[in-house]
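Q: Questions regarding the structure given below will be posed in turn.
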Amino acid sequence: DWTSAHFINETVDAIKETIGDKKVIMALSGGVDSTVAATLIHKAIGKNLYGIFVDNGVLRKDEFQQVLDSCNSIGLNIKGVDAKDHFYTKLAGKVSPEEKRKIIGKCFIEIFDEEAHKIEGIEFLGQGTIYPDVIESMSVHGPSQTIKSHHNVGGLPDYMKLKLVEPLRSLFKDEVRKVGAELGLPAALLNRHPFPGPGLAIRILGEVTEEKVQLLQQADAIYTKALLKFDLYATVWQAGAILLPVKSVGVMGDERTYEFTVALRAVTSVDGMTADWAHLPYEFLAYVSNEIINNVKGINRVVYDISSKPPATIEWE
Ligand code: XMP
């Protein structure tokens with residue numbers, strides 16, 4: 001019988017056995033999988049796990065500090081790397097969704113590689129790969145996978161020659177959450193919605209600039225906070241705000257405004273492959289719209305996305 005306690009004991013022993021007194025480097029994303037994987041590896045080898053968390057400039061508001069704080073609170077040896085400018089410079093002028101993804105993947109590898117070279121004698125790379133990722137990467141040439149390139153699996157440049165440590169490779173998401181709970185990780189982390197690797201960059205349609213990121217971060221934070229306040233967060237599979245490259249006329253006091261539009265997206269789903277738009281209450285939508293328009297200077301219009309997948313995707317890019 002599978003129990004999380006049993007899984008943890010066996011896995012920690014196996015990691016100790018494999019790694020011994022060697023060093024492991026690992027990129028943290030703040031998500032469930034990488035945090036649970038890192039916690040298991042940390043339990044096995046302590047300070048010999050070197051965690052790296054990169055600020056790619058397209059994280060959610062305050063996410064960089066929150067992830068560092070929560071890793072520190074569980075004793076993980078983690079280094080935060082502020083690489084915002086590097087990402088913004090490379091993203092400047094780029095509008096194609098696929099090109100933006102590729103740039104972010106490439107920048108990430110560059111920064112991670114640079115950090116890895118600063119640590120003597122690293123032999124292993126830790127990853128939060130779970131069973132569905134394994135399946136997906138095996139069918140990478142299938143038609144559905146060529147629609148959008150995901151960068152979560154196989155992100156290892158072959159010149160890095162590190163051996164992989166993937167303690168969650170056999171688990172489904174709900175099992176990862178159970179293991180995380182057994183390890184004492186906070187419920188807020190374990191129940192977090194999925195968030196794409198390219199982050200807010202694929203929720204800013206067209207060119208990504210620091211100014212647009214700051215606008216979207218504010219709107220997105222208001223939206224997330226409201227979902228929690230209205231007890232709706234757990235009822236949707238994923239939610240996020242999208243900054244459209246559309247300005248429209250509005251009125252504020254006796255001033256005319258000409259500002260950006262934000263689209264709100266929330267979906268129900270089982271695995272993200274198909275999804276229905278979430279039928280959120282009108283009172284909730286009214287509240288969020290007011291909060292965003294009254295508090296985010298630069299946004300004067302909020303719309304709600306009522307498209308299902310397929311044919312629409314969850315993300316807009
Ligand atoms: P779509 O937009 O394809 O999204 O319906 C399905 C799920 O995948 C996430 N997603 C990504 N995750 N890198 C990621 O790590 C990506 O490039 C990427 N694109 C989409 C999306 O957030 C949703 O959960």
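Letters for chains follow the order of the structure tokens (A, B, ...), residue numbers begin at 1 for each chain, and ligand numbers begin at 1 in the order shown.
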Find the residues near Trp237 (chain A): any atom within 8 Å, counting only C-alpha atoms, skip ones fewer than 2 places away on the same chain, and give them as a compact mmCIF listing (two decimals) with N, CA and C atoms, in the first residue's frame.

A:
```txt
# COMPACT_ATOMS: atom_id res chain seq x y z
N HIS A 193 -2.25 27.27 -7.65
CA HIS A 193 -2.56 26.99 -9.06
C HIS A 193 -1.27 26.78 -9.85
N PRO A 194 -1.33 26.04 -10.95
CA PRO A 194 -0.15 25.98 -11.83
C PRO A 194 0.18 27.36 -12.39
N ALA A 234 -9.82 27.89 -4.51
CA ALA A 234 -9.74 26.43 -4.60
C ALA A 234 -10.78 25.83 -5.55
N THR A 235 -11.76 26.63 -5.97
CA THR A 235 -12.79 26.10 -6.87
C THR A 235 -12.37 26.16 -8.33
N ALA A 239 -6.02 30.42 -12.55
CA ALA A 239 -6.56 31.75 -12.82
C ALA A 239 -5.41 32.72 -13.02
N ALA A 266 -10.16 32.41 -15.77
CA ALA A 266 -10.22 31.40 -14.71
C ALA A 266 -10.85 30.18 -15.34
N VAL A 267 -10.26 29.01 -15.09
CA VAL A 267 -10.79 27.80 -15.70
C VAL A 267 -10.95 26.68 -14.68
N THR A 268 -11.90 25.80 -14.99
CA THR A 268 -11.98 24.54 -14.28
C THR A 268 -11.41 23.48 -15.22
N SER A 269 -10.74 22.49 -14.66
CA SER A 269 -10.08 21.49 -15.49
C SER A 269 -9.64 20.33 -14.60
N VAL A 270 -9.28 19.22 -15.23
CA VAL A 270 -8.73 18.12 -14.46
C VAL A 270 -7.21 18.08 -14.64
```

Q: What do you get as a compact mmCIF listing (two decimals) with N, CA and C atoms, in the first residue's frame if you pick all residues at most 10 Å from ligand 1, counting only C-alpha atoms and all ligand atoms?

A:
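File produced: out-v4.txt:
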```txt
# COMPACT_ATOMS: atom_id res chain seq x y z
N PRO A 97 4.91 34.70 -29.50
CA PRO A 97 4.82 33.87 -28.30
C PRO A 97 5.91 32.80 -28.23
N GLU A 98 6.14 32.11 -29.34
CA GLU A 98 7.14 31.05 -29.31
C GLU A 98 8.54 31.61 -29.11
N LYS A 100 9.30 34.38 -27.56
CA LYS A 100 9.40 34.80 -26.16
C LYS A 100 9.70 33.61 -25.26
N ARG A 101 8.99 32.49 -25.47
CA ARG A 101 9.26 31.29 -24.68
C ARG A 101 10.70 30.83 -24.83
N LYS A 102 11.17 30.79 -26.09
CA LYS A 102 12.52 30.30 -26.33
C LYS A 102 13.56 31.20 -25.67
N ILE A 104 13.15 33.06 -23.01
CA ILE A 104 13.12 32.87 -21.56
C ILE A 104 13.81 31.57 -21.17
N GLY A 105 13.57 30.51 -21.95
CA GLY A 105 14.24 29.23 -21.69
C GLY A 105 15.76 29.37 -21.80
N SER A 144 0.18 17.40 -30.63
CA SER A 144 -0.26 18.38 -29.63
C SER A 144 0.94 19.09 -28.99
N GLN A 145 2.07 18.41 -28.92
CA GLN A 145 3.22 19.01 -28.26
C GLN A 145 3.91 20.09 -29.08
N ILE A 147 2.36 22.44 -30.57
CA ILE A 147 1.60 23.67 -30.55
C ILE A 147 2.30 24.73 -29.70
N LYS A 148 2.74 24.32 -28.52
CA LYS A 148 3.49 25.23 -27.66
C LYS A 148 4.68 24.48 -27.09
N SER A 149 5.82 25.07 -27.06
CA SER A 149 6.98 24.38 -26.50
C SER A 149 7.05 24.64 -25.00
N HIS A 150 7.05 23.60 -24.22
CA HIS A 150 7.18 23.76 -22.77
C HIS A 150 8.64 23.49 -22.39
N HIS A 151 9.07 24.16 -21.35
CA HIS A 151 10.50 24.05 -21.03
C HIS A 151 10.77 23.41 -19.69
N ASN A 152 9.81 22.64 -19.19
CA ASN A 152 10.02 22.10 -17.84
C ASN A 152 10.88 20.84 -17.82
N VAL A 153 10.84 20.09 -18.90
CA VAL A 153 11.57 18.82 -18.92
C VAL A 153 12.67 18.92 -19.96
N HIS A 193 -2.25 27.27 -7.65
CA HIS A 193 -2.56 26.99 -9.06
C HIS A 193 -1.27 26.78 -9.85
N PRO A 194 -1.33 26.04 -10.95
CA PRO A 194 -0.15 25.98 -11.83
C PRO A 194 0.18 27.36 -12.39
N PHE A 195 1.46 27.59 -12.59
CA PHE A 195 1.90 28.87 -13.16
C PHE A 195 2.96 28.54 -14.21
N PRO A 196 2.83 29.07 -15.42
CA PRO A 196 3.74 28.64 -16.49
C PRO A 196 5.18 29.13 -16.28
N GLY A 197 6.12 28.33 -16.73
CA GLY A 197 7.54 28.70 -16.66
C GLY A 197 7.83 30.09 -17.21
N PRO A 198 7.29 30.44 -18.40
CA PRO A 198 7.55 31.79 -18.95
C PRO A 198 6.76 32.89 -18.24
N GLY A 199 6.03 32.49 -17.21
CA GLY A 199 5.41 33.46 -16.31
C GLY A 199 4.53 34.50 -16.98
N LEU A 200 4.61 35.72 -16.46
CA LEU A 200 3.75 36.79 -16.97
C LEU A 200 4.11 37.18 -18.40
N ALA A 201 5.25 36.72 -18.89
CA ALA A 201 5.65 37.09 -20.26
C ALA A 201 4.63 36.62 -21.28
N ILE A 202 3.99 35.46 -21.03
CA ILE A 202 3.00 34.98 -22.00
C ILE A 202 1.59 35.45 -21.63
N ARG A 203 1.52 36.32 -20.61
CA ARG A 203 0.24 36.95 -20.27
C ARG A 203 0.30 38.45 -20.56
N TRP A 237 -9.20 25.74 -11.33
CA TRP A 237 -7.96 24.97 -11.55
C TRP A 237 -6.77 25.92 -11.76
N GLN A 238 -7.06 27.02 -12.44
CA GLN A 238 -6.01 28.01 -12.70
C GLN A 238 -6.68 29.34 -12.97
N ALA A 239 -6.02 30.42 -12.55
CA ALA A 239 -6.56 31.75 -12.82
C ALA A 239 -5.41 32.72 -13.02
N GLY A 240 -5.65 33.73 -13.84
CA GLY A 240 -4.62 34.73 -14.04
C GLY A 240 -5.17 35.90 -14.82
N VAL A 267 -10.26 29.01 -15.09
CA VAL A 267 -10.79 27.80 -15.70
C VAL A 267 -10.95 26.68 -14.68
N SER A 269 -10.74 22.49 -14.66
CA SER A 269 -10.08 21.49 -15.49
C SER A 269 -9.64 20.33 -14.60
N ASP A 271 -6.77 18.28 -15.87
CA ASP A 271 -5.34 18.15 -16.15
C ASP A 271 -4.80 19.25 -17.07
N GLY A 272 -5.63 20.24 -17.38
CA GLY A 272 -5.16 21.33 -18.23
C GLY A 272 -5.28 21.04 -19.72
N MET A 273 -5.57 19.79 -20.06
CA MET A 273 -5.65 19.44 -21.49
C MET A 273 -6.93 19.97 -22.11
N THR A 274 -8.01 19.88 -21.34
CA THR A 274 -9.26 20.54 -21.73
C THR A 274 -9.66 21.39 -20.53
N ALA A 275 -10.44 22.42 -20.79
CA ALA A 275 -10.80 23.30 -19.68
C ALA A 275 -12.08 24.05 -20.03
N SER A 308 -13.67 28.33 -23.83
CA SER A 308 -13.22 27.04 -23.30
C SER A 308 -12.12 26.46 -24.16
N LYS A 309 -11.40 25.51 -23.61
CA LYS A 309 -10.33 24.82 -24.31
C LYS A 309 -10.75 23.39 -24.58
N PRO A 310 -10.66 22.86 -25.80
CA PRO A 310 -10.46 23.62 -27.01
C PRO A 310 -11.73 24.37 -27.39
N PRO A 311 -11.66 25.25 -28.33
CA PRO A 311 -10.52 25.59 -29.18
C PRO A 311 -9.59 26.67 -28.59
N ALA A 312 -10.03 27.43 -27.61
CA ALA A 312 -9.09 28.40 -27.03
C ALA A 312 -8.12 27.65 -26.12
N THR A 313 -6.93 28.16 -25.91
CA THR A 313 -6.04 27.58 -24.92
C THR A 313 -6.26 28.33 -23.61
N ILE A 314 -5.65 27.81 -22.54
CA ILE A 314 -5.80 28.49 -21.25
C ILE A 314 -5.05 29.81 -21.28
N GLU A 315 -3.78 29.76 -21.66
CA GLU A 315 -3.00 30.99 -21.83
C GLU A 315 -3.40 31.64 -23.15
N TRP A 316 -3.15 32.95 -23.23
CA TRP A 316 -3.49 33.67 -24.47
C TRP A 316 -2.34 33.65 -25.47
N GLU A 317 -1.16 33.19 -25.03
CA GLU A 317 -0.04 33.07 -25.97
C GLU A 317 0.55 31.68 -25.87
```

Q: Mind running region 40-145 of chain A against region 213-222 of chain A at 12 Å and telling me each contacting residue's nearest atom pair with the distance in Å (one decimal), counting only C-alpha atoms, chain and number ascending, as CSV?

A:
```
residue,atom,partner,partner_atom,distance
A:Asn56,CA,A:Val213,CA,11.2
A:Gly57,CA,A:Val213,CA,7.8
A:Val58,CA,A:Val213,CA,6.6
A:Leu59,CA,A:Gln217,CA,8.1
A:Arg60,CA,A:Gln217,CA,5.7
A:Lys61,CA,A:Gln217,CA,5.1
A:Asp62,CA,A:Gln217,CA,8.8
A:Glu63,CA,A:Gln217,CA,10.0
A:Lys84,CA,A:Val213,CA,11.0
A:Tyr88,CA,A:Val213,CA,10.1
```

Q: Go ahead and save the residues from that selection, with N, CA and C atoms, as a compact mmCIF listing (two decimals), in the first residue's frame.

A:
```
# COMPACT_ATOMS: atom_id res chain seq x y z
N ASN A 56 13.29 36.10 -13.03
CA ASN A 56 13.35 36.31 -14.48
C ASN A 56 12.57 37.56 -14.90
N GLY A 57 12.12 38.32 -13.91
CA GLY A 57 11.44 39.58 -14.23
C GLY A 57 9.98 39.41 -14.59
N VAL A 58 9.51 38.17 -14.71
CA VAL A 58 8.11 37.93 -15.07
C VAL A 58 7.42 37.01 -14.05
N LEU A 59 7.89 37.13 -12.80
CA LEU A 59 7.24 36.42 -11.70
C LEU A 59 6.04 37.23 -11.26
N ARG A 60 5.23 36.62 -10.38
CA ARG A 60 4.10 37.37 -9.82
C ARG A 60 4.63 38.40 -8.81
N LYS A 61 3.77 39.34 -8.45
CA LYS A 61 4.15 40.39 -7.50
C LYS A 61 4.65 39.75 -6.19
N ASP A 62 5.81 40.22 -5.72
CA ASP A 62 6.41 39.77 -4.44
C ASP A 62 6.79 38.29 -4.40
N GLU A 63 6.66 37.59 -5.53
CA GLU A 63 6.91 36.15 -5.52
C GLU A 63 8.37 35.80 -5.21
N LYS A 84 16.59 39.98 -13.62
CA LYS A 84 15.52 40.69 -14.34
C LYS A 84 16.02 41.43 -15.58
N TYR A 88 14.84 41.15 -19.47
CA TYR A 88 14.18 42.27 -20.14
C TYR A 88 14.95 42.70 -21.39
```

Q: In terms of the shortest atom-to-atom distance over only C-alpha atoms, which of A:Leu49, A:Ile19, A:Val67, A:Ile74 is closest to Leu189 (chain A)?

A: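 Using only C-alpha atoms, the shortest distance to Leu189 (chain A) belongs to A:Val67.
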
Q: Name all residues at most 10 Å from region 256-260 of chain A (count only C-alpha atoms; drop same-chain ones fewer than 3 positions away) and give them as a PyMOL selection string.

A: chain A and resi 212+215+243-253+297-302

Q: In Å, rounded to a single decimal, give me how far CA of Val262 (chain A) is from CA of Tyr304 (chain A).

A: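 According to the coordinates, CA of Tyr304 (chain A) and CA of Val262 (chain A) are separated by 8.6 Å.
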
Q: Would you mind listing what lies within 8 Å of Lys173 (chain A) as a PyMOL selection string, with only C-alpha atoms counted and same-chain residues fewer than 3 positions away left out?

A: chain A and resi 130+176-177

Q: Please extract the residues of region 66-270 of chain A with a backbone DSSP assignment of strand (DSSP E or B) and present them as JSON, numbers by chain.

A: {"A": [78, 79, 80, 81, 82, 122, 123, 124, 125, 126, 163, 164, 165, 204, 238, 239, 240, 241, 242, 243, 244, 245, 246, 247, 248, 249, 250, 251, 252, 255, 256, 257, 258, 259, 260, 261, 262, 263, 264, 265, 266, 267, 268, 269]}

Q: Given the choices A:Met138, A:Asp276, A:Asp55, A:Glu166, which gets closest to Val12 (chain A) if the distance is worked out from only C-alpha atoms?

A: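 For Val12 (chain A), the nearest of the given residues is A:Glu166.
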
Q: From the set A:Glu255, A:Val296, A:Lys225, A:Pro167, which residue has the shortest atom-to-atom contact distance to Phe7 (chain A), counting only C-alpha atoms?

A: A:Pro167
